[in-house]
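A.B. asks: This is the structure I want to talk about, given as structure tokens.
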2 protein chains.
Amino acid sequence: MGQDRKSGKGDTDGDAVREPSQAERTRQDILEVATREFAEKGYSGARIDEIAALTSTTKRAIYYHYESKQGLFIAVLENAYRGIRALEATLDLDHLEPADSIRTLAGFTFDYQWAHADFVRLVMVENIHHGAHLEAAVSLRNVNVPILDAVHRVYARGVATGVFRPGIEPIDIHMTISALAFFNVSNRFTFSRIFDHDLGDPAIRAARRSVVIDTVLRFLQADAPAAG
Amino acid sequence: MGQDRKSGKGDTDGDAVREPSQAERTRQDILEVATREFAEKGYSGARIDEIAALTSTTKRAIYYHYESKQGLFIAVLENAYRGIRALEATLDLDHLEPADSIRTLAGFTFDYQWAHADFVRLVMVENIHHGAHLEAAVSLRNVNVPILDAVHRVYARGVATGVFRPGIEPIDIHMTISALAFFNVSNRFTFSRIFDHDLGDPAIRAARRSVVIDTVLRFLQADAPAAG
DNA sequence: GTCTATAGCTCGATAGAC
DNA sequence: GTCTATCGAGCTATAGAC
């Protein structure tokens, strides 16, 4: 039952974007289900059996394709990082007014992380485990560095035109944006419950979004010359 | 072996600060070990056997005193929140210049969260589990609300004297401080590894500390009147 | 100390494409 | 016949519970 493959070939086709092979579709299916499972339950709480049950394949296939629970988690993590960095790369921050670029980047980061809570939660899970799995994902440095370059270019333009104050490290800009966007998702449940302030509420989130953008801009803005 | 209790009584003594009973010491011992275990391995990764082995008691005693793994985790969480709020309460923010109060609070939060990574990690673990355990810890609202009041008073003083701009919600001030302090601990491993920028390095941490304080202050500061 | 359930993982075998 | 992708069943260790 269920022999829905198209052609038996399609293995080492070096040219155009071909239809994914059955194996590729299986791997993708596993990856998506595993992303949800790990993000929901954490690394130790995630169950390979549960992942298998929600897939169109079996547990045996998961071990065949990803070797181990660790191997699967690493693949999930890599995939998640690639997701945000790929979208960031489409932002075209170089052709906007510097302050608008920062507004765009901070707003995008805030929205993306909210919409992709799985990404945020996977990063939390990985940090709980001291970043041990990321060690095996060497390629990720190249995936993540471009965002620093982009921030650097925007910041340099802003300093040149006098709208940004000098002396700030690009990594501090990126970290501030990330921290403010991350917290809304990472601490959503504890914060909402403790302060009776639902971070999931659209109105509250919209207000927070402007505060975050505002905070980042004020951090960068050149001080107005004193009157008098 | 090991019958080091002082007296067989000491159970319901309602007056002064007495020496803790043997039972209290056992509970405290378990709590400390469990805090480390849950913070290190996450909720599902934590092993009651492991906690028992590092305690001076047995697994049986843990279930006697805390009923279940969940019960133990809730006790650990409550204890951790109480820790930071109790220290915050000693800051005496009402008698400093408003900007200095904010500097003190932001600096304290940054330092405390770094020094008590266990607290940060427990909060992460609880959020991974959608804040489910916090529901059982009703008393925590009263523990956490005072910090909002304190921020409100400082902010109001600052607006009155003209150093802070009006229109900001105290919860946004607290959230911004928390987010910026939290991130350094919560994302320490992924961030350090991905950007080759060790957040554990004392020099890097000190620099980040000033950036965080600076960011919070600039968020609050009244705009300088334009020259001209 | 002992029970029961279940975790991660492995083995043997299979069906179809070359 | 070999290589790839897959499956059902079962192994060993250890979890939480009492």
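Ordering of the structure tokens sets the chain letters (A, B, ...); residue numbers start at 1 within each chain; ligands are numbered from 1 in the order shown.
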Distance limit 12 Å, atoms considered: only C-alpha atoms (C1' of nucleotides). Which chain B residues sit that close to chain C? Return them as a PyMOL selection string.

C.D. replies: chain B and resi 44-45+59-60

A.B. asks: Taking only C-alpha atoms (C1' of nucleotides) into account, find every residue of chain A that has an atom no more than 12 Å from chain D, and write it out as a PyMOL selection string.

C.D. replies: chain A and resi 8-9+11+21-27+56-65

A.B. asks: Tell me the residues of chain B close to chain A, meaning within 8 Å using only C-alpha atoms, as a PyMOL selection string.

C.D. replies: chain B and resi 39-45+121+123-131+134-135+140-141+144-145+172+176+179-180+182-183+186-190+193-195+208+211+214-216+218-219+223-228

A.B. asks: Please report the interatomic distance between CA of Asp94 in chain A and CA of Ile147 in chain A in Å with one decimal.

C.D. replies: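 Separation of CA of Asp94 in chain A and CA of Ile147 in chain A: 12.1 Å.
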
A.B. asks: Report, in Å with one decimal, the straight-line distance from CA of Phe73 in chain A to CA of Ala86 in chain A.

C.D. replies: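 Answer for the CA of Phe73 in chain A to CA of Ala86 in chain A separation: 19.9 Å.
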
A.B. asks: Quote the spacing between CA of Val154 in chain A and CA of Gly200 in chain B in Å to one decimal place.

C.D. replies: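 Computing the Euclidean distance for CA of Val154 in chain A and CA of Gly200 in chain B yields 27.7 Å.
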
A.B. asks: Which residues are near Ser101 in chain A? Cut-off 9 Å, only C-alpha atoms (C1' of nucleotides), ignore same chain within fewer than 5 positions. Put them as a ChimeraX atom specification.

C.D. replies: /A:91-96,106,154

A.B. asks: Using the selection just defined, write its residues with all heavy atoms as a PDB file, in the first residue's frame.

C.D. replies:
ATOM      1  N   LEU A  91      16.246  40.480   3.606  1.00  0.00           N
ATOM      2  CA  LEU A  91      15.718  41.759   4.096  1.00  0.00           C
ATOM      3  C   LEU A  91      16.230  42.979   3.330  1.00  0.00           C
ATOM      4  O   LEU A  91      15.600  44.019   3.337  1.00  0.00           O
ATOM      5  CB  LEU A  91      16.012  41.925   5.595  1.00  0.00           C
ATOM      6  CG  LEU A  91      15.140  41.083   6.522  1.00  0.00           C
ATOM      7  CD1 LEU A  91      15.477  41.367   7.969  1.00  0.00           C
ATOM      8  CD2 LEU A  91      13.654  41.371   6.288  1.00  0.00           C
ATOM      9  N   ASP A  92      17.390  42.857   2.700  1.00  0.00           N
ATOM     10  CA  ASP A  92      17.945  43.967   1.920  1.00  0.00           C
ATOM     11  C   ASP A  92      18.067  45.246   2.753  1.00  0.00           C
ATOM     12  O   ASP A  92      17.450  46.269   2.456  1.00  0.00           O
ATOM     13  CB  ASP A  92      17.070  44.223   0.684  1.00  0.00           C
ATOM     14  CG  ASP A  92      17.761  45.180  -0.280  1.00  0.00           C
ATOM     15  OD1 ASP A  92      19.013  45.192  -0.301  1.00  0.00           O
ATOM     16  OD2 ASP A  92      17.069  45.924  -0.983  1.00  0.00           O
ATOM     17  N   LEU A  93      18.852  45.154   3.817  1.00  0.00           N
ATOM     18  CA  LEU A  93      18.991  46.272   4.751  1.00  0.00           C
ATOM     19  C   LEU A  93      19.887  47.375   4.225  1.00  0.00           C
ATOM     20  O   LEU A  93      19.940  48.464   4.798  1.00  0.00           O
ATOM     21  CB  LEU A  93      19.561  45.748   6.085  1.00  0.00           C
ATOM     22  CG  LEU A  93      18.740  44.636   6.739  1.00  0.00           C
ATOM     23  CD1 LEU A  93      19.514  44.002   7.888  1.00  0.00           C
ATOM     24  CD2 LEU A  93      17.410  45.192   7.243  1.00  0.00           C
ATOM     25  N   ASP A  94      20.572  47.092   3.121  1.00  0.00           N
ATOM     26  CA  ASP A  94      21.584  48.033   2.652  1.00  0.00           C
ATOM     27  C   ASP A  94      21.011  49.212   1.878  1.00  0.00           C
ATOM     28  O   ASP A  94      21.717  50.167   1.596  1.00  0.00           O
ATOM     29  CB  ASP A  94      22.618  47.305   1.786  1.00  0.00           C
ATOM     30  CG  ASP A  94      23.509  46.405   2.630  1.00  0.00           C
ATOM     31  OD1 ASP A  94      23.797  46.774   3.800  1.00  0.00           O
ATOM     32  OD2 ASP A  94      23.907  45.327   2.151  1.00  0.00           O
ATOM     33  N   HIS A  95      19.739  49.133   1.504  1.00  0.00           N
ATOM     34  CA  HIS A  95      19.201  50.209   0.674  1.00  0.00           C
ATOM     35  C   HIS A  95      18.138  51.043   1.358  1.00  0.00           C
ATOM     36  O   HIS A  95      17.413  51.793   0.715  1.00  0.00           O
ATOM     37  CB  HIS A  95      18.672  49.639  -0.644  1.00  0.00           C
ATOM     38  CG  HIS A  95      19.730  48.918  -1.417  1.00  0.00           C
ATOM     39  ND1 HIS A  95      19.833  47.546  -1.434  1.00  0.00           N
ATOM     40  CD2 HIS A  95      20.775  49.378  -2.147  1.00  0.00           C
ATOM     41  CE1 HIS A  95      20.876  47.192  -2.174  1.00  0.00           C
ATOM     42  NE2 HIS A  95      21.475  48.280  -2.612  1.00  0.00           N
ATOM     43  N   LEU A  96      18.059  50.902   2.665  1.00  0.00           N
ATOM     44  CA  LEU A  96      17.132  51.747   3.412  1.00  0.00           C
ATOM     45  C   LEU A  96      17.931  52.766   4.208  1.00  0.00           C
ATOM     46  O   LEU A  96      19.136  52.616   4.423  1.00  0.00           O
ATOM     47  CB  LEU A  96      16.307  50.901   4.400  1.00  0.00           C
ATOM     48  CG  LEU A  96      15.258  49.946   3.830  1.00  0.00           C
ATOM     49  CD1 LEU A  96      14.707  49.069   4.944  1.00  0.00           C
ATOM     50  CD2 LEU A  96      14.140  50.741   3.167  1.00  0.00           C
ATOM     51  N   ALA A 106      14.803  44.836  13.559  1.00  0.00           N
ATOM     52  CA  ALA A 106      14.282  44.549  14.903  1.00  0.00           C
ATOM     53  C   ALA A 106      12.842  44.041  14.813  1.00  0.00           C
ATOM     54  O   ALA A 106      12.478  43.064  15.478  1.00  0.00           O
ATOM     55  CB  ALA A 106      14.357  45.798  15.777  1.00  0.00           C
ATOM     56  N   VAL A 154      25.018  48.434   8.161  1.00  0.00           N
ATOM     57  CA  VAL A 154      23.970  49.415   8.466  1.00  0.00           C
ATOM     58  C   VAL A 154      24.466  50.408   9.515  1.00  0.00           C
ATOM     59  O   VAL A 154      24.292  51.623   9.383  1.00  0.00           O
ATOM     60  CB  VAL A 154      22.700  48.705   8.983  1.00  0.00           C
ATOM     61  CG1 VAL A 154      21.696  49.720   9.507  1.00  0.00           C
ATOM     62  CG2 VAL A 154      22.083  47.859   7.891  1.00  0.00           C
TER      63      VAL A 154
END

A.B. asks: Give me the residues near Tyr66 in chain B as a list in words, where near means some atom within 10 Å (using only C-alpha atoms (C1' of nucleotides)) and where sequence neighbours in that chain fewer than 6 positions away do not count.

C.D. replies: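 Counting only the stated atoms, we get Arg27, Ile30, Leu31, Leu72, Phe73, Ile74 and Ala75 of chain B.
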
A.B. asks: Identify, on the basis of only C-alpha atoms (C1' of nucleotides), every residue whose closest approach to Phe108 in chain A does not exceed 10 Å; exclude the query and any residue fewer than 4 positions from it along the same chain; express the result as a list of chain:residue names.

C.D. replies: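 The neighbour list is A:Leu87, A:Glu88, A:Leu91, A:Ile102, A:Arg103, A:Thr104, A:Tyr112, A:Gln113, A:Trp114, A:Ala181, A:Arg209.
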
A.B. asks: Would you please give, as a VMD selection string, all residues of range 14-219 of chain A that DSSP assigns to helix (DSSP H, G or I) based on the backbone?

C.D. replies: chain A and resid 22 to 45 48 to 54 59 to 66 69 to 88 93 to 95 98 to 115 117 to 128 134 to 136 140 to 161 170 to 186 188 to 195 202 to 219
